[in-house]
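Visitor: This one is my_file_3.pdb, PDB, C-alpha atoms and all ligand atoms.
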```pdb
ATOM      1  CA  MET A   1      10.544  14.781  -4.400
ATOM      2  CA  ASN A   2       9.460  17.689  -2.258
ATOM      3  CA  VAL A   3       7.228  16.440   0.549
ATOM      4  CA  ARG A   4       8.604  18.787   3.209
ATOM      5  CA  ASP A   5       5.898  19.697   5.746
ATOM      6  CA  LEU A   6       3.237  17.624   3.969
ATOM      7  CA  ARG A   7       1.025  15.860   6.493
ATOM      8  CA  PHE A   8       0.700  12.134   5.746
ATOM      9  CA  VAL A   9      -1.637   9.541   7.164
ATOM     10  CA  ILE A  10      -0.461   6.018   6.309
ATOM     11  CA  THR A  11      -2.540   2.901   6.947
ATOM     12  CA  GLY A  12      -0.839  -0.439   7.516
ATOM     13  CA  ALA A  13       2.325   1.412   8.541
ATOM     14  CA  ALA A  14       3.687  -1.029  11.129
ATOM     15  CA  HIS A  15       5.430  -3.255   8.576
ATOM     16  CA  GLY A  16       6.676  -3.462   5.012
ATOM     17  CA  ILE A  17       5.883  -0.787   2.435
ATOM     18  CA  GLY A  18       3.852   1.389   4.835
ATOM     19  CA  ALA A  19       6.598   1.505   7.463
ATOM     20  CA  GLU A  20       9.250   2.260   4.861
ATOM     21  CA  THR A  21       7.126   5.036   3.330
ATOM     22  CA  ALA A  22       6.758   6.563   6.794
ATOM     23  CA  ARG A  23      10.558   6.491   7.214
ATOM     24  CA  VAL A  24      11.306   7.937   3.762
ATOM     25  CA  ALA A  25       8.635  10.656   4.000
ATOM     26  CA  ALA A  26       9.712  11.687   7.503
ATOM     27  CA  ALA A  27      13.373  11.783   6.448
ATOM     28  CA  ALA A  28      12.309  14.160   3.662
ATOM     29  CA  GLY A  29      10.625  16.479   6.168
ATOM     30  CA  ALA A  30       7.018  15.260   6.073
ATOM     31  CA  ARG A  31       4.877  14.906   9.192
ATOM     32  CA  VAL A  32       3.621  11.347   9.409
ATOM     33  CA  MET A  33       0.749   9.654  11.225
ATOM     34  CA  LEU A  34       1.336   5.915  11.142
ATOM     35  CA  SER A  35      -1.614   3.622  11.778
ATOM     36  CA  ASP A  36      -2.085  -0.135  11.930
ATOM     37  CA  VAL A  37      -3.762  -3.004  13.777
ATOM     38  CA  ASP A  38      -0.332  -4.007  15.148
ATOM     39  CA  ASP A  39      -0.073  -1.384  17.893
ATOM     40  CA  ALA A  40       3.245  -2.501  19.365
ATOM     41  CA  ARG A  41       5.089  -2.566  16.065
ATOM     42  CA  GLY A  42       3.408   0.655  14.879
ATOM     43  CA  GLU A  43       4.409   2.511  18.060
ATOM     44  CA  ALA A  44       7.961   1.163  17.774
ATOM     45  CA  THR A  45       8.244   2.255  14.132
ATOM     46  CA  ALA A  46       7.014   5.767  14.970
ATOM     47  CA  GLU A  47       9.422   5.947  17.907
ATOM     48  CA  ALA A  48      12.348   4.889  15.699
ATOM     49  CA  ILE A  49      11.457   7.644  13.218
ATOM     50  CA  ARG A  50      11.377  10.201  16.047
ATOM     51  CA  GLN A  51      14.747   8.947  17.297
ATOM     52  CA  ALA A  52      16.112   9.597  13.813
ATOM     53  CA  GLY A  53      14.837  13.188  14.018
ATOM     54  CA  GLY A  54      11.566  12.728  12.124
ATOM     55  CA  ASP A  55       8.067  13.936  12.997
ATOM     56  CA  ALA A  56       5.924  10.827  13.478
ATOM     57  CA  GLN A  57       3.069   9.610  15.630
ATOM     58  CA  PHE A  58       1.090   6.372  15.812
ATOM     59  CA  CYS A  59      -2.679   5.924  16.003
ATOM     60  CA  PRO A  60      -4.230   2.429  16.112
ATOM     61  CA  CYS A  61      -6.731   1.832  13.317
ATOM     62  CA  ASP A  62      -8.386  -1.170  11.706
ATOM     63  CA  VAL A  63      -9.348   0.150   8.267
ATOM     64  CA  THR A  64     -12.493  -2.006   8.219
ATOM     65  CA  ASP A  65     -13.876  -0.230  11.305
ATOM     66  CA  GLU A  66     -15.645   2.975  10.276
ATOM     67  CA  ASP A  67     -15.483   4.556  13.741
ATOM     68  CA  GLN A  68     -11.737   3.890  14.001
ATOM     69  CA  VAL A  69     -11.169   5.326  10.519
ATOM     70  CA  ARG A  70     -13.105   8.484  11.350
ATOM     71  CA  ALA A  71     -11.137   8.830  14.605
ATOM     72  CA  LEU A  72      -7.815   8.351  12.768
ATOM     73  CA  MET A  73      -8.541  11.175  10.361
ATOM     74  CA  GLU A  74      -9.739  13.472  13.151
ATOM     75  CA  ARG A  75      -6.712  12.709  15.288
ATOM     76  CA  THR A  76      -4.300  13.326  12.396
ATOM     77  CA  ALA A  77      -5.929  16.634  11.515
ATOM     78  CA  GLU A  78      -5.827  17.664  15.157
ATOM     79  CA  ALA A  79      -2.180  16.640  15.628
ATOM     80  CA  PHE A  80      -0.842  18.245  12.437
ATOM     81  CA  GLY A  81      -3.450  20.955  11.733
ATOM     82  CA  GLY A  82      -4.729  19.102   8.650
ATOM     83  CA  ILE A  83      -4.098  16.251   6.220
ATOM     84  CA  ASP A  84      -2.403  16.543   2.810
ATOM     85  CA  VAL A  85      -1.758  12.913   1.876
ATOM     86  CA  LEU A  86      -3.796   9.788   2.503
ATOM     87  CA  HIS A  87      -1.681   6.709   1.820
ATOM     88  CA  ASN A  88      -4.154   3.824   1.624
ATOM     89  CA  ASN A  89      -1.588   1.080   2.124
ATOM     90  CA  ALA A  90      -3.129  -1.455   4.551
ATOM     91  CA  GLY A  91      -3.650  -4.774   2.848
ATOM     92  CA  THR A  92      -3.475  -8.483   3.189
ATOM     93  CA  HIS A  93      -3.629 -11.683   1.156
ATOM     94  CA  GLU A  94      -5.734 -14.772   1.753
ATOM     95  CA  SER A  95      -2.543 -16.769   2.423
ATOM     96  CA  MET A  96      -1.912 -14.496   5.453
ATOM     97  CA  ILE A  97      -5.108 -15.633   7.169
ATOM     98  CA  GLY A  98      -5.189 -19.360   6.488
ATOM     99  CA  GLU A  99      -5.285 -22.165   4.014
ATOM    100  CA  GLU A 100      -8.372 -20.988   2.165
ATOM    101  CA  VAL A 101      -6.739 -19.969  -1.114
ATOM    102  CA  THR A 102      -8.688 -21.874  -3.780
ATOM    103  CA  LEU A 103     -12.277 -21.560  -4.964
ATOM    104  CA  ASP A 104     -13.054 -24.956  -3.408
ATOM    105  CA  THR A 105     -11.576 -24.150  -0.008
ATOM    106  CA  MET A 106     -12.252 -20.435   0.384
ATOM    107  CA  SER A 107     -15.150 -19.434   2.594
ATOM    108  CA  ARG A 108     -17.339 -16.475   1.791
ATOM    109  CA  ALA A 109     -16.097 -14.920   5.051
ATOM    110  CA  THR A 110     -12.470 -15.045   3.874
ATOM    111  CA  PHE A 111     -13.340 -13.584   0.471
ATOM    112  CA  GLU A 112     -15.271 -10.750   2.116
ATOM    113  CA  ARG A 113     -12.538 -10.188   4.712
ATOM    114  CA  ILE A 114      -9.911  -9.578   2.010
ATOM    115  CA  LEU A 115     -12.207  -7.237   0.091
ATOM    116  CA  GLY A 116     -13.048  -5.500   3.362
ATOM    117  CA  ILE A 117      -9.437  -4.663   4.181
ATOM    118  CA  ASN A 118      -7.989  -4.072   0.710
ATOM    119  CA  LEU A 119     -10.902  -2.339  -1.021
ATOM    120  CA  VAL A 120     -13.585  -1.204   1.437
ATOM    121  CA  GLY A 121     -10.793   0.094   3.704
ATOM    122  CA  CYS A 122      -9.614   2.407   0.905
ATOM    123  CA  PHE A 123     -13.158   3.674   0.414
ATOM    124  CA  LEU A 124     -13.684   4.336   4.131
ATOM    125  CA  CYS A 125     -10.356   6.099   4.585
ATOM    126  CA  ALA A 126     -10.994   8.274   1.523
ATOM    127  CA  LYS A 127     -14.483   9.105   2.768
ATOM    128  CA  TYR A 128     -13.264  10.368   6.134
ATOM    129  CA  ALA A 129     -10.026  11.966   4.904
ATOM    130  CA  VAL A 130     -11.603  14.003   2.113
ATOM    131  CA  PRO A 131     -13.175  16.712   4.312
ATOM    132  CA  HIS A 132      -9.642  17.400   5.590
ATOM    133  CA  LEU A 133      -7.951  17.008   2.169
ATOM    134  CA  ARG A 134     -10.311  19.667   0.749
ATOM    135  CA  LYS A 135      -8.584  22.209   3.002
ATOM    136  CA  SER A 136      -5.058  21.262   1.823
ATOM    137  CA  ASP A 137      -2.942  23.065  -0.795
ATOM    138  CA  TYR A 138      -1.401  19.772  -2.038
ATOM    139  CA  PRO A 139      -4.026  17.105  -1.473
ATOM    140  CA  SER A 140      -3.724  13.579  -2.775
ATOM    141  CA  ILE A 141      -4.746   9.999  -2.133
ATOM    142  CA  ILE A 142      -2.349   7.178  -2.970
ATOM    143  CA  ASN A 143      -3.784   3.660  -3.070
ATOM    144  CA  ALA A 144      -2.032   0.283  -2.958
ATOM    145  CA  GLY A 145      -2.760  -1.465  -6.223
ATOM    146  CA  SER A 146      -0.726  -4.408  -7.516
ATOM    147  CA  THR A 147       0.234  -6.177 -10.710
ATOM    148  CA  ALA A 148      -2.812  -8.220  -9.625
ATOM    149  CA  SER A 149      -4.872  -5.108 -10.498
ATOM    150  CA  PHE A 150      -4.215  -6.090 -14.132
ATOM    151  CA  LEU A 151      -3.662  -9.849 -14.328
ATOM    152  CA  GLY A 152      -4.754 -13.166 -12.859
ATOM    153  CA  PHE A 153      -2.260 -15.094 -10.695
ATOM    154  CA  PRO A 154      -2.552 -18.561  -9.146
ATOM    155  CA  GLN A 155      -4.315 -18.757  -5.783
ATOM    156  CA  ASN A 156      -5.073 -15.069  -5.768
ATOM    157  CA  LEU A 157      -8.869 -14.944  -6.049
ATOM    158  CA  ALA A 158      -9.841 -12.566  -3.282
ATOM    159  CA  TYR A 159      -6.646 -10.521  -3.424
ATOM    160  CA  GLY A 160      -6.892 -10.138  -7.213
ATOM    161  CA  ALA A 161     -10.559  -9.137  -7.013
ATOM    162  CA  SER A 162      -9.732  -6.553  -4.332
ATOM    163  CA  LYS A 163      -6.811  -5.055  -6.271
ATOM    164  CA  GLY A 164      -8.844  -4.938  -9.489
ATOM    165  CA  GLY A 165     -11.389  -2.992  -7.463
ATOM    166  CA  VAL A 166      -8.700  -0.645  -6.136
ATOM    167  CA  ALA A 167      -7.703   0.150  -9.738
ATOM    168  CA  ILE A 168     -11.142   1.402 -10.734
ATOM    169  CA  LEU A 169     -11.792   2.959  -7.331
ATOM    170  CA  THR A 170      -8.631   5.010  -7.945
ATOM    171  CA  LYS A 171      -9.799   6.272 -11.335
ATOM    172  CA  SER A 172     -13.368   6.879 -10.135
ATOM    173  CA  LEU A 173     -12.157   8.874  -7.136
ATOM    174  CA  ALA A 174      -9.776  10.849  -9.363
ATOM    175  CA  VAL A 175     -12.783  11.857 -11.463
ATOM    176  CA  ASP A 176     -15.113  12.675  -8.574
ATOM    177  CA  LEU A 177     -12.493  14.572  -6.557
ATOM    178  CA  ALA A 178     -11.025  16.535  -9.487
ATOM    179  CA  PRO A 179     -13.263  19.558  -8.781
ATOM    180  CA  ASP A 180     -11.719  19.656  -5.290
ATOM    181  CA  GLY A 181      -8.190  19.553  -6.716
ATOM    182  CA  ILE A 182      -7.521  16.210  -4.997
ATOM    183  CA  ARG A 183      -5.332  13.873  -7.053
ATOM    184  CA  VAL A 184      -5.829  10.125  -6.688
ATOM    185  CA  ASN A 185      -3.198   7.650  -7.882
ATOM    186  CA  ALA A 186      -2.191   4.054  -7.219
ATOM    187  CA  TYR A 187       1.144   2.230  -7.161
ATOM    188  CA  CYS A 188       1.095  -1.277  -8.570
ATOM    189  CA  PRO A 189       4.068  -3.387  -7.435
ATOM    190  CA  ALA A 190       5.107  -6.855  -8.474
ATOM    191  CA  ALA A 191       6.614  -8.996  -5.683
ATOM    192  CA  VAL A 192       8.189  -6.855  -2.965
ATOM    193  CA  GLU A 193      10.083  -8.536  -0.146
ATOM    194  CA  THR A 194       7.778  -8.011   2.858
ATOM    195  CA  ASN A 195       5.932 -10.288   5.318
ATOM    196  CA  MET A 196       3.137 -10.738   2.811
ATOM    197  CA  VAL A 197       5.358 -12.211   0.107
ATOM    198  CA  THR A 198       7.527 -14.139   2.565
ATOM    199  CA  LYS A 199       4.470 -15.859   4.032
ATOM    200  CA  PHE A 200       3.090 -16.686   0.575
ATOM    201  CA  VAL A 201       6.462 -18.049  -0.563
ATOM    202  CA  ASP A 202       7.068 -20.029   2.631
ATOM    203  CA  ALA A 203       3.671 -21.740   2.306
ATOM    204  CA  SER A 204       4.584 -23.138  -1.115
ATOM    205  CA  PRO A 205       6.058 -26.648  -1.544
ATOM    206  CA  ASN A 206       9.406 -25.244  -2.747
ATOM    207  CA  PRO A 207       9.892 -21.707  -1.391
ATOM    208  CA  GLU A 208      13.362 -21.148  -2.861
ATOM    209  CA  ALA A 209      12.213 -22.149  -6.349
ATOM    210  CA  LEU A 210       9.123 -19.930  -6.149
ATOM    211  CA  LYS A 211      11.131 -16.919  -4.962
ATOM    212  CA  ASN A 212      13.636 -17.461  -7.737
ATOM    213  CA  MET A 213      10.849 -17.771 -10.297
ATOM    214  CA  MET A 214       9.258 -14.537  -9.051
ATOM    215  CA  ALA A 215      12.567 -12.689  -9.339
ATOM    216  CA  ARG A 216      13.187 -14.080 -12.833
ATOM    217  CA  SER A 217       9.804 -12.845 -14.046
ATOM    218  CA  HIS A 218      11.078  -9.277 -13.457
ATOM    219  CA  LEU A 219      13.343  -7.720 -16.117
ATOM    220  CA  VAL A 220      15.203  -6.336 -13.103
ATOM    221  CA  PRO A 221      15.917  -9.844 -11.794
ATOM    222  CA  ARG A 222      15.282  -9.420  -8.082
ATOM    223  CA  LEU A 223      12.313  -8.913  -5.787
ATOM    224  CA  GLY A 224      11.329  -5.322  -5.074
ATOM    225  CA  ALA A 225      12.400  -3.680  -1.819
ATOM    226  CA  PRO A 226       9.983  -1.658   0.323
ATOM    227  CA  ALA A 227      12.193   1.396  -0.305
ATOM    228  CA  ASP A 228      11.604   1.103  -4.074
ATOM    229  CA  VAL A 229       7.888   1.615  -3.488
ATOM    230  CA  ALA A 230       8.283   4.177  -0.689
ATOM    231  CA  HIS A 231      10.135   6.545  -3.015
ATOM    232  CA  LEU A 232       7.395   6.245  -5.641
ATOM    233  CA  VAL A 233       4.708   6.979  -3.040
ATOM    234  CA  CYS A 234       6.612  10.077  -1.949
ATOM    235  CA  PHE A 235       6.939  11.205  -5.569
ATOM    236  CA  LEU A 236       3.181  10.730  -6.105
ATOM    237  CA  ALA A 237       2.553  12.824  -2.979
ATOM    238  CA  SER A 238       5.085  15.482  -3.880
ATOM    239  CA  ARG A 239       4.635  18.947  -5.287
ATOM    240  CA  GLU A 240       6.558  17.833  -8.425
ATOM    241  CA  SER A 241       3.849  15.323  -9.395
ATOM    242  CA  SER A 242       0.994  17.846  -9.546
ATOM    243  CA  PHE A 243       0.116  16.823 -13.156
ATOM    244  CA  VAL A 244      -0.058  13.093 -12.316
ATOM    245  CA  ASN A 245      -3.629  12.024 -11.646
ATOM    246  CA  GLY A 246      -5.770   8.881 -12.008
ATOM    247  CA  VAL A 247      -2.709   6.767 -12.708
ATOM    248  CA  LEU A 248      -2.094   3.081 -11.944
ATOM    249  CA  TRP A 249       1.702   3.302 -11.729
ATOM    250  CA  LEU A 250       3.434  -0.017 -12.286
ATOM    251  CA  ILE A 251       6.514  -0.551 -10.135
ATOM    252  CA  ASP A 252       7.207  -4.094 -11.172
ATOM    253  CA  GLY A 253      10.800  -4.368 -12.400
ATOM    254  CA  GLY A 254       9.334  -4.669 -15.902
ATOM    255  CA  SER A 255       7.371  -7.839 -15.156
ATOM    256  CA  LEU A 256       4.284  -6.785 -17.111
ATOM    257  CA  ALA A 257       6.352  -5.522 -20.048
ATOM    258  CA  TRP A 258       6.879  -9.052 -21.277
ATOM    259  CA  ARG A 259       6.003 -12.711 -20.827
ATOM    260  CA  GLY A 260       8.882 -14.954 -19.727
ATOM    261  CA  THR A 261      11.663 -15.477 -17.228
ATOM    262  CA  THR A 262      15.146 -13.996 -17.459
ATOM    263  CA  ASP A 263      16.927 -17.320 -18.061
ATOM    264  CA  VAL A 264      15.559 -17.053 -21.622
ATOM    265  CA  LEU A 265      17.718 -13.894 -21.911
ATOM    266  CA  GLY A 266      20.790 -15.593 -20.445
ATOM    267  CA  MET A 267      20.587 -13.459 -17.278
ATOM    268  CA  GLU A 268      21.478 -14.743 -13.810
ATOM    269  CA  SER A 269      19.420 -13.649 -10.780
TER     270      SER A 269
HETATM  271  N1  LIG A 301       4.627  -7.015  -1.007
HETATM  272  C1  LIG A 301       4.202  -7.093  -2.249
HETATM  273  O1  LIG A 301       4.742  -7.839  -3.061
HETATM  274  C2  LIG A 301       3.045  -6.253  -2.712
HETATM  275  C3  LIG A 301       2.749  -6.267  -4.077
HETATM  276  C4  LIG A 301       1.677  -5.533  -4.539
HETATM  277  C5  LIG A 301       0.923  -4.783  -3.656
HETATM  278  N2  LIG A 301       1.226  -4.782  -2.332
HETATM  279  C6  LIG A 301       0.355  -4.017  -1.445
HETATM  280  O2  LIG A 301       1.109  -3.126  -0.666
HETATM  281  C7  LIG A 301       0.445  -2.910   0.586
HETATM  282  C8  LIG A 301       1.436  -3.141   1.717
HETATM  283  O3  LIG A 301       1.806  -4.516   1.706
HETATM  284  P1  LIG A 301       3.174  -5.076   2.331
HETATM  285  O4  LIG A 301       3.772  -5.916   1.295
HETATM  286  O5  LIG A 301       3.952  -3.981   2.954
HETATM  287  O6  LIG A 301       2.559  -6.058   3.424
HETATM  288  P2  LIG A 301       2.854  -6.240   4.987
HETATM  289  O7  LIG A 301       2.120  -7.464   5.357
HETATM  290  O8  LIG A 301       4.301  -6.122   5.276
HETATM  291  O9  LIG A 301       2.135  -4.953   5.615
HETATM  292  C9  LIG A 301       0.739  -4.816   5.614
HETATM  293  C10 LIG A 301       0.353  -4.004   6.837
HETATM  294  O10 LIG A 301      -1.085  -3.844   6.840
HETATM  295  C11 LIG A 301      -1.523  -4.051   8.169
HETATM  296  N3  LIG A 301      -2.939  -4.435   8.187
HETATM  297  C12 LIG A 301      -3.482  -5.639   7.883
HETATM  298  N4  LIG A 301      -4.824  -5.598   8.075
HETATM  299  C13 LIG A 301      -5.106  -4.349   8.491
HETATM  300  C14 LIG A 301      -6.311  -3.687   8.854
HETATM  301  N5  LIG A 301      -7.508  -4.322   8.843
HETATM  302  N6  LIG A 301      -6.260  -2.388   9.225
HETATM  303  C15 LIG A 301      -5.065  -1.736   9.266
HETATM  304  N7  LIG A 301      -3.883  -2.310   8.952
HETATM  305  C16 LIG A 301      -3.926  -3.600   8.573
HETATM  306  C17 LIG A 301      -0.611  -5.136   8.735
HETATM  307  O11 LIG A 301      -0.625  -5.181  10.142
HETATM  308  C18 LIG A 301       0.725  -4.713   8.149
HETATM  309  O12 LIG A 301       1.408  -3.806   8.991
HETATM  310  C19 LIG A 301      -0.740  -3.882   0.611
HETATM  311  O13 LIG A 301      -1.928  -3.214   0.249
HETATM  312  C20 LIG A 301      -0.364  -4.887  -0.444
HETATM  313  O14 LIG A 301      -1.489  -5.529  -1.007
HETATM  314  C21 LIG A 301       2.264  -5.506  -1.844
END
```
I'd like the structure from this file rewritten - as structure tokens, please.
Ligand SMILES: NC(=O)c1ccc[n+]([C@@H]2O[C@H](COP(=O)([O-])OP(=O)(O)OC[C@H]3O[C@@H](n4cnc5c(N)ncnc54)[C@H](O)[C@@H]3O)[C@@H](O)[C@H]2O)c1
Guide:
Amino acid sequence: MNVRDLRFVITGAAHGIGAETARVAAAAGARVMLSDVDDARGEATAEAIRQAGGDAQFCPCDVTDEDQVRALMERTAEAFGGIDVLHNNAGTHESMIGEEVTLDTMSRATFERILGINLVGCFLCAKYAVPHLRKSDYPSIINAGSTASFLGFPQNLAYGASKGGVAILTKSLAVDLAPDGIRVNAYCPAAVETNMVTKFVDASPNPEALKNMMARSHLVPRLGAPADVAHLVCFLASRESSFVNGVLWLIDGGSLAWRGTTDVLGMES
């Protein structure tokens, strides 16, 4: 996993998978520009990485705002002398922004908001990063897909539609950017223990039961950890993965390899 000196820009890097990827990449010698809408937490995460000896900066950016996205890419290129890796990680779920999670209750504005962050944000960041990626020796884009890129889940309408879109955006970009030597891949996690999943679980009538059920749908009977995904992102960015392109890489503890829960196998979680 050689990412030494690669210049990363990571969206949604204040919390969860984005923050952990910033930590893992910086610890492996990458130069990392964190960005997020949560300025205080983003700054604090970058500062903690610097305290640990890493090379990290923070730039505020809402991925739905085209001017902010353009400025993020320009600032990263200026700070590091270029961009090698765009990690399109920023994302949210309808349960994070309210109660509108069913077809009957969801407003058009909520549906469009989720698509705006999770899907249009990836498009905008790719659009403004690519002029810089074209000048890199190891350019790649890594998008946040999901098991919801493949399957339907309860109360997941907007999120599922956005992650299905990310799947085909990933493959389409891999095709269009192949002549530039830019690889485009996506990681597709099952439930990973971050704010997003915690909020979704806590909003359910029986959080403990739901969390347990989620874990038991994985053949590795636990929720994912942000570090599990961060290491995959770094591999997809690394020099060793130069033949990996256009892939939707499941990192799901085996959840899509079967249909069941682990109690059927006599396993405890
Ligand atoms: N946690 C999971 O189980 C899981 C599973 C599959 C996919 N994912 C995907 O992984 C990515 C990271 O999710 P996470 O679990 O770390 O969630 P998280 O909620 O911990 O982190 C998401 C980050 O995105 C930021 N963000 C939200 N809206 C933004 C915007 N408009 N512009 C910029 N940043 C914004 C948030 O402030 C936050 O820091 C998301 O795209 C998510 O859909 C997560």
Visitor: Taking the file as shown, find all residues satisfying the PyMOL selection byres (((chain A and resi 154) around 12) and not hetatm) and write them as a PDB file with C-alpha atoms, in the frame of the given file.
Guide:
```pdb
ATOM      1  CA  GLU A  94      -5.734 -14.772   1.753  1.00  0.00           C
ATOM      2  CA  SER A  95      -2.543 -16.769   2.423  1.00  0.00           C
ATOM      3  CA  VAL A 101      -6.739 -19.969  -1.114  1.00  0.00           C
ATOM      4  CA  THR A 102      -8.688 -21.874  -3.780  1.00  0.00           C
ATOM      5  CA  LEU A 103     -12.277 -21.560  -4.964  1.00  0.00           C
ATOM      6  CA  ALA A 148      -2.812  -8.220  -9.625  1.00  0.00           C
ATOM      7  CA  LEU A 151      -3.662  -9.849 -14.328  1.00  0.00           C
ATOM      8  CA  GLY A 152      -4.754 -13.166 -12.859  1.00  0.00           C
ATOM      9  CA  PHE A 153      -2.260 -15.094 -10.695  1.00  0.00           C
ATOM     10  CA  GLN A 155      -4.315 -18.757  -5.783  1.00  0.00           C
ATOM     11  CA  ASN A 156      -5.073 -15.069  -5.768  1.00  0.00           C
ATOM     12  CA  LEU A 157      -8.869 -14.944  -6.049  1.00  0.00           C
ATOM     13  CA  ALA A 158      -9.841 -12.566  -3.282  1.00  0.00           C
ATOM     14  CA  TYR A 159      -6.646 -10.521  -3.424  1.00  0.00           C
ATOM     15  CA  GLY A 160      -6.892 -10.138  -7.213  1.00  0.00           C
ATOM     16  CA  PHE A 200       3.090 -16.686   0.575  1.00  0.00           C
ATOM     17  CA  SER A 204       4.584 -23.138  -1.115  1.00  0.00           C
TER      18      SER A 204
END
```
Visitor: For ligand LIG 301 (chain A), return the neighbouring residues as a ChimeraX atom specification (distance at most 6 Å; all atoms listed in the file).
Guide: /A:11-18,36-38,61-64,89-92,117,144-146,188-197
Visitor: Measuring atom to atom with only C-alpha atoms, identify which of A:Arg222, A:Val120, A:Cys234, A:Gly165 is nearest to A:Ala27.
Guide: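 Checking each candidate against A:Ala27, we get A:Cys234 as the closest.
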Visitor: For the atom pair atom CA of A:Phe58 and atom CA of A:Leu232, what is the interatomic distance in Å to one decimal place?
Guide: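 Between atom CA of A:Phe58 and atom CA of A:Leu232 the gap works out to 22.4 Å.
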Visitor: Can you work out which one of A:Phe80, A:Phe235, A:Phe8, A:Phe111 has the shortest atom-to-atom distance to A:Ser162, counting only C-alpha atoms?
Guide: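 Ranking A:Phe80, A:Phe235, A:Phe8, A:Phe111 by distance to A:Ser162, first place goes to A:Phe111.
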Visitor: Taking all atoms listed in the file into account, which of A:Leu250, A:Leu86, A:Val9, A:His93 comes nearest A:Pro60?
Guide: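 The answer is A:Val9, which sits nearest to A:Pro60.
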